[in-house]
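Asker: Contents of target.cif (mmCIF, C-alpha atoms and all ligand atoms):
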```cif
data_model
loop_
_atom_site.label_atom_id
_atom_site.label_comp_id
_atom_site.auth_asym_id
_atom_site.auth_seq_id
_atom_site.Cartn_x
_atom_site.Cartn_y
_atom_site.Cartn_z
CA MET A 1 -27.73 -75.26 -51.81
CA LYS A 2 -29.29 -76.80 -48.71
CA LYS A 3 -27.72 -76.04 -45.36
CA GLU A 4 -26.84 -79.69 -44.62
CA GLN A 5 -25.16 -80.20 -47.97
CA LEU A 6 -23.29 -76.91 -47.75
CA LEU A 7 -22.00 -77.54 -44.24
CA GLU A 8 -21.05 -81.11 -45.08
CA GLU A 9 -19.04 -79.88 -48.04
CA ILE A 10 -17.32 -77.18 -45.99
CA LEU A 11 -16.50 -79.54 -43.11
CA LYS A 12 -15.07 -82.11 -45.55
CA VAL A 13 -12.80 -79.52 -47.13
CA ASN A 14 -11.85 -78.35 -43.65
CA SER A 15 -10.80 -81.83 -42.49
CA GLU A 16 -8.65 -82.25 -45.57
CA PHE A 17 -7.16 -78.80 -45.12
CA VAL A 18 -6.06 -79.62 -41.60
CA ALA A 19 -4.97 -83.20 -42.36
CA GLU A 20 -2.83 -82.08 -45.28
CA LYS A 21 -1.37 -79.21 -43.24
CA LYS A 22 -2.37 -76.65 -45.84
CA TYR A 23 -2.40 -74.11 -43.01
CA GLU A 24 1.36 -74.07 -42.78
CA LYS A 25 1.81 -71.53 -45.55
CA HIS A 26 -0.59 -69.13 -43.77
CA GLN A 27 1.09 -69.03 -40.39
CA ALA A 28 1.74 -65.52 -39.14
CA GLU A 29 1.87 -63.22 -36.12
CA LYS A 30 -1.32 -61.52 -34.96
CA PHE A 31 0.30 -58.07 -35.09
CA PRO A 32 -0.03 -56.69 -38.65
CA LYS A 33 3.45 -56.46 -40.19
CA LYS A 34 2.52 -53.50 -42.38
CA LYS A 35 0.81 -51.70 -39.46
CA LEU A 36 -2.14 -51.13 -41.79
CA ALA A 37 -5.89 -51.54 -41.42
CA VAL A 38 -8.10 -51.83 -44.50
CA LEU A 39 -11.78 -51.00 -44.23
CA THR A 40 -13.64 -52.39 -47.20
CA CYS A 41 -16.87 -54.00 -48.43
CA MET A 42 -18.08 -57.52 -47.76
CA ASP A 43 -18.68 -58.03 -51.51
CA THR A 44 -18.00 -61.62 -52.59
CA ARG A 45 -15.82 -60.52 -55.48
CA LEU A 46 -13.29 -58.95 -53.14
CA VAL A 47 -12.75 -62.01 -50.95
CA LYS A 48 -9.54 -63.07 -52.71
CA LEU A 49 -9.17 -60.27 -55.25
CA LEU A 50 -8.51 -57.53 -52.69
CA PRO A 51 -5.63 -59.12 -50.75
CA GLU A 52 -3.99 -60.34 -53.95
CA ALA A 53 -4.39 -56.95 -55.62
CA LEU A 54 -2.78 -55.32 -52.57
CA GLY A 55 -0.02 -57.91 -52.39
CA VAL A 56 -0.74 -58.85 -48.82
CA GLU A 57 -0.51 -62.17 -47.05
CA ASN A 58 -1.75 -63.50 -43.74
CA GLY A 59 -0.25 -61.44 -40.95
CA ASP A 60 0.36 -58.33 -43.07
CA ILE A 61 -2.75 -56.23 -42.44
CA VAL A 62 -6.00 -56.04 -40.47
CA VAL A 63 -9.13 -56.18 -42.63
CA ILE A 64 -12.48 -54.85 -41.47
CA LYS A 65 -15.47 -55.47 -43.67
CA ASP A 66 -19.06 -54.38 -43.71
CA ALA A 67 -21.70 -53.61 -46.32
CA GLY A 68 -20.15 -50.80 -48.36
CA GLY A 69 -16.96 -50.49 -46.33
CA VAL A 70 -18.39 -47.57 -44.39
CA VAL A 71 -18.50 -46.08 -40.93
CA SER A 72 -22.20 -45.47 -40.37
CA LYS A 73 -21.96 -44.78 -36.65
CA PRO A 74 -19.22 -42.97 -34.72
CA TYR A 75 -19.29 -45.50 -31.88
CA GLY A 76 -20.24 -48.71 -33.66
CA ASP A 77 -18.46 -51.94 -34.52
CA VAL A 78 -16.22 -50.57 -37.24
CA VAL A 79 -14.71 -47.89 -35.04
CA ARG A 80 -14.47 -50.43 -32.22
CA SER A 81 -12.48 -52.72 -34.51
CA LEU A 82 -10.26 -49.87 -35.67
CA LEU A 83 -9.57 -48.88 -32.07
CA VAL A 84 -8.46 -52.43 -31.31
CA ALA A 85 -6.32 -52.43 -34.46
CA ILE A 86 -4.67 -49.14 -33.51
CA LEU A 87 -4.40 -49.39 -29.74
CA GLU A 88 -3.78 -53.11 -29.33
CA LEU A 89 -2.28 -54.25 -32.63
CA GLY A 90 -0.09 -51.29 -33.55
CA VAL A 91 -1.85 -50.09 -36.69
CA THR A 92 -0.67 -46.63 -37.79
CA GLY A 93 -2.68 -46.10 -40.98
CA ILE A 94 -6.10 -46.87 -42.48
CA MET A 95 -7.02 -47.43 -46.11
CA VAL A 96 -10.75 -47.05 -46.81
CA ILE A 97 -11.45 -49.03 -49.99
CA GLY A 98 -14.80 -48.73 -51.73
CA HIS A 99 -15.38 -50.62 -54.97
CA THR A 100 -17.19 -50.34 -58.29
CA ASP A 101 -20.63 -51.91 -58.71
CA CYS A 102 -21.22 -51.97 -54.94
CA GLY A 103 -24.57 -53.43 -53.92
CA VAL A 104 -25.00 -50.88 -51.16
CA GLN A 105 -24.94 -47.97 -53.59
CA ASN A 106 -28.67 -47.93 -54.33
CA MET A 107 -29.85 -49.06 -50.92
CA SER A 108 -32.37 -46.97 -48.98
CA GLY A 109 -34.05 -47.15 -45.59
CA ASP A 110 -37.50 -47.43 -47.16
CA GLU A 111 -36.47 -50.23 -49.50
CA MET A 112 -34.87 -52.18 -46.65
CA ILE A 113 -37.99 -51.71 -44.50
CA HIS A 114 -40.07 -52.98 -47.42
CA LEU A 115 -37.87 -56.09 -47.68
CA MET A 116 -38.02 -56.66 -43.92
CA THR A 117 -41.81 -56.52 -43.84
CA GLU A 118 -41.92 -58.94 -46.78
CA ARG A 119 -39.86 -61.29 -44.65
CA GLY A 120 -42.18 -61.14 -41.67
CA VAL A 121 -41.17 -58.09 -39.64
CA SER A 122 -44.36 -56.28 -38.56
CA GLU A 123 -45.11 -52.63 -39.29
CA GLU A 124 -45.60 -52.25 -35.56
CA THR A 125 -42.02 -53.35 -34.87
CA ILE A 126 -40.72 -50.86 -37.43
CA GLN A 127 -42.81 -48.04 -35.96
CA ASN A 128 -41.74 -48.87 -32.40
CA LEU A 129 -38.09 -48.79 -33.42
CA LYS A 130 -38.61 -45.46 -35.17
CA TYR A 131 -40.25 -44.02 -32.04
CA SER A 132 -37.41 -45.31 -29.90
CA GLY A 133 -34.98 -43.30 -32.02
CA LEU A 134 -33.72 -45.64 -34.73
CA ASN A 135 -33.17 -43.66 -37.91
CA PHE A 136 -33.51 -46.26 -40.67
CA ASP A 137 -32.60 -43.81 -43.42
CA GLU A 138 -29.37 -42.84 -41.77
CA TRP A 139 -28.47 -46.40 -40.79
CA LEU A 140 -29.44 -48.19 -44.00
CA CYS A 141 -28.84 -45.56 -46.65
CA GLY A 142 -26.81 -46.13 -49.78
CA PHE A 143 -24.72 -43.51 -51.57
CA ASP A 144 -24.60 -41.64 -54.87
CA THR A 145 -20.99 -42.31 -55.86
CA ASN A 146 -18.20 -44.49 -54.49
CA GLU A 147 -15.97 -41.45 -54.09
CA GLN A 148 -18.62 -39.67 -52.03
CA SER A 149 -19.08 -42.70 -49.79
CA VAL A 150 -15.34 -43.15 -49.22
CA ARG A 151 -14.95 -39.45 -48.48
CA LYS A 152 -17.81 -39.55 -45.97
CA THR A 153 -16.18 -42.44 -44.15
CA ILE A 154 -12.79 -40.72 -44.14
CA ASN A 155 -14.43 -37.62 -42.64
CA ALA A 156 -16.17 -39.76 -40.03
CA LEU A 157 -12.83 -41.31 -39.06
CA GLU A 158 -10.81 -38.11 -39.10
CA ASN A 159 -13.42 -36.37 -36.96
CA ASN A 160 -13.85 -39.21 -34.50
CA PRO A 161 -12.55 -37.91 -31.15
CA LEU A 162 -11.44 -41.37 -30.01
CA LEU A 163 -9.12 -42.15 -32.93
CA PRO A 164 -5.55 -40.96 -32.35
CA LYS A 165 -4.72 -37.98 -34.58
CA ASP A 166 -1.38 -39.47 -35.67
CA VAL A 167 -3.13 -42.29 -37.55
CA TRP A 168 -3.37 -41.54 -41.28
CA VAL A 169 -6.51 -42.26 -43.30
CA GLU A 170 -6.57 -42.48 -47.11
CA GLY A 171 -9.37 -43.43 -49.48
CA PHE A 172 -9.51 -45.53 -52.64
CA VAL A 173 -11.96 -47.19 -54.97
CA MET A 174 -11.11 -50.67 -56.26
CA ASP A 175 -12.27 -51.89 -59.66
CA THR A 176 -14.23 -55.03 -58.80
CA VAL A 177 -13.06 -56.76 -61.98
CA THR A 178 -9.40 -55.77 -62.35
CA GLY A 179 -8.53 -54.91 -58.75
CA LYS A 180 -7.14 -51.53 -59.85
CA LEU A 181 -7.03 -48.95 -57.06
CA THR A 182 -7.92 -45.33 -57.71
CA ALA A 183 -7.16 -42.77 -55.02
CA VAL A 184 -10.03 -40.65 -53.73
CA PRO A 185 -8.84 -37.08 -53.13
CA LYS A 186 -9.98 -35.72 -49.78
CA ALA A 187 -10.62 -32.14 -50.81
CA THR A 188 -14.00 -31.63 -52.45
CA ASN A 189 -13.49 -28.07 -53.67
ZN ZN A 201 -19.86 -53.38 -51.88
#
```
Can you give me the file's structure in the form of structure tokens?
Ligand SMILES: [Zn+2]
Answerer:
Amino acid sequence: MKKEQLLEEILKVNSEFVAEKKYEKHQAEKFPKKKLAVLTCMDTRLVKLLPEALGVENGDIVVIKDAGGVVSKPYGDVVRSLLVAILELGVTGIMVIGHTDCGVQNMSGDEMIHLMTERGVSEETIQNLKYSGLNFDEWLCGFDTNEQSVRKTINALENNPLLPKDVWVEGFVMDTVTGKLTAVPKATN
């Protein structure tokens, strides 16, 4: 769909939404009632499925999304968001929710670099970034299994020195079709 057509359609729906006061049923406080933050994937299939499958409404929880629902850096945007959720908004627990058939699973640094160069990024730019310390493999890697990815993110959170130790972190994998949650045990042995 062309940008103009897409935006026109969205803005039309938006005007109607406001005019018909469809927002009224969504009104809520900014502090999450359930004191819960959910870190999950940006996958399109979870947009409505995840909140409905968790039984949450506007105002209930904080949701942080990225590709894969992972913490790839100890001091990046996800941890920043979680710190705000905990320190400013009163969150006391974090659910990390991976999902089946995740697009990030088979991603790799090399493949992403290949796609970037196909889209006009020069080899020189890539090399310069590598020399300046950017580790593409670490930053853009996928994962072998959902459980492994969730566990890695839980470890990253539990070992982050800036996150208060009294905040609980639990991991799950959601079935992308049915919304069923399966707990990911923390212990690997
Ligand atoms: Zn995903």
Asker: Select the residues contacting ligand ZN 201 (chain A) at a distance of at most 7 Å, based on all atoms listed in the file, then format the selection as a ChimeraX atom specification.
Answerer: /A:41-43,67-69,98-99,102-104
Asker: Which is closer to Val47 in chain A than all the others in A:Gln148, A:Val167, A:Lys65, A:Asn155, using all atoms listed in the file?
Answerer: A:Lys65
Asker: Around the point (-27.3, -50.6, -50.1) in the file's coordinates, collect all residues with an atom within 7 Å, using only C-alpha atoms, and return them as a short mmCIF file (atom, residue, chain, number, x, y, z; two decimals) with C-alpha atoms, in the frame of the given file.
Answerer:
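Done, and the output landed in point.cif:
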```
data_model
loop_
_atom_site.label_atom_id
_atom_site.label_comp_id
_atom_site.auth_asym_id
_atom_site.auth_seq_id
_atom_site.Cartn_x
_atom_site.Cartn_y
_atom_site.Cartn_z
CA GLY A 103 -24.57 -53.43 -53.92
CA VAL A 104 -25.00 -50.88 -51.16
CA GLN A 105 -24.94 -47.97 -53.59
CA ASN A 106 -28.67 -47.93 -54.33
CA MET A 107 -29.85 -49.06 -50.92
CA SER A 108 -32.37 -46.97 -48.98
CA LEU A 140 -29.44 -48.19 -44.00
CA CYS A 141 -28.84 -45.56 -46.65
CA GLY A 142 -26.81 -46.13 -49.78
#
```
Asker: Would you work out the distance separating CA of Gln127 in chain A from CA of Gly76 in chain A, expressed in Å to one decimal?
Answerer: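 Separating CA of Gln127 in chain A from CA of Gly76 in chain A is a distance of 22.7 Å.
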Asker: One decimal, in Å: what's the spacing between CA of Glu52 in chain A and CA of Leu157 in chain A?
Answerer: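 Interatomic distance, CA of Glu52 in chain A to CA of Leu157 in chain A: 25.7 Å.
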Asker: Work out how far CA of Asn58 in chain A is from CA of Val38 in chain A, in Å to one decimal.
Answerer: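 Taking CA of Val38 in chain A as the start and CA of Asn58 in chain A as the end point, the length is 13.3 Å.
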Asker: Excluding same-chain residues fewer than 6 positions from Val63 in chain A, what lies within 8 Å of it counting all atoms listed in the file, as a ChimeraX atom specification?
Answerer: /A:37-40
Asker: Please produce a file of those selected residues containing C-alpha atoms, as a PDB file, keeping the file's coordinate frame.
Answerer:
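Listed below is the output, result_36.pdb:
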```pdb
ATOM      1  CA  ALA A  37      -5.890 -51.540 -41.420  1.00  0.00           C
ATOM      2  CA  VAL A  38      -8.100 -51.830 -44.500  1.00  0.00           C
ATOM      3  CA  LEU A  39     -11.780 -51.000 -44.230  1.00  0.00           C
ATOM      4  CA  THR A  40     -13.640 -52.390 -47.200  1.00  0.00           C
TER       5      THR A  40
END
```
Asker: If we count all atoms listed in the file and set the cut-off at 9 Å, which residues sit around Asp175 in chain A, ignoring sequence neighbours fewer than 5 positions away in its own chain? Please answer as a list in words.
Answerer: Gly98, His99, Thr100, Asp101, Lys180, Leu181 and Thr182 of chain A
Asker: For Asn160 in chain A, find every residue with an atom within 9 Å (counting all atoms listed in the file), except residues of its own chain fewer than 6 positions away, and show them as a list in words.
Answerer: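 The contact residues come out as Pro74, Tyr75 and Val79 of chain A.
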Asker: Have a look at A:Glu16, A:Asp137, A:Glu147, A:Glu118 and name the one nearest to Pro185 in chain A; count only C-alpha atoms.
Answerer: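 For Pro185 in chain A, the nearest of the candidates is A:Glu147.
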Asker: Rank nothing, just name the residue among A:Asp144, A:Leu163, A:Lys12, A:Val56 nearest to Val84 in chain A, using all atoms listed in the file.
Answerer: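 Among A:Asp144, A:Leu163, A:Lys12, A:Val56, it is A:Leu163 that comes nearest to Val84 in chain A.
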Asker: For Leu83 in chain A, which residue out of A:Ile154, A:Asp66, A:Pro164, A:Leu115 is the nearest one, using all atoms listed in the file?
Answerer: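 Closest to Leu83 in chain A, using all atoms listed in the file: A:Pro164.
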Asker: How big is the axis-aligned box around all listed atoms of range 142-146 of chain A once 8 Å goes on each side, and where's its centre, in Å to one decimal, as AutoDock Vina command-line options?
Answerer:
```
--center_x -22.5 --center_y -43.9 --center_z -52.8 --size_x 24.6 --size_y 20.5 --size_z 22.1
```
Asker: Every residue with an atom at most 9 Å from (-6.6, -38.1, -47.9) (file coordinates; all atoms listed in the file) is what I'm after, so could you write them as a list in words?
Answerer: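 The answer, in the requested form, is Arg151, Ile154, Trp168, Val169, Glu170, Gly171, Ala183, Val184, Pro185, Lys186 and Ala187 of chain A.
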Asker: Would you please work out which residue, of A:Gly120, A:Val96, A:Lys2, A:Val78, is nearest to Val173 in chain A when using all atoms listed in the file?
Answerer: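 Of A:Gly120, A:Val96, A:Lys2, A:Val78, the one nearest Val173 in chain A, counting all atoms listed in the file, is A:Val96.
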Asker: Identify which of the residues A:Leu54, A:Met95, A:Leu6, A:Ile61 lies closest to Ala28 in chain A, counting only C-alpha atoms when measuring atom-to-atom distances.
Answerer: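 Answer, going by the shortest atom-to-atom distance: A:Ile61.
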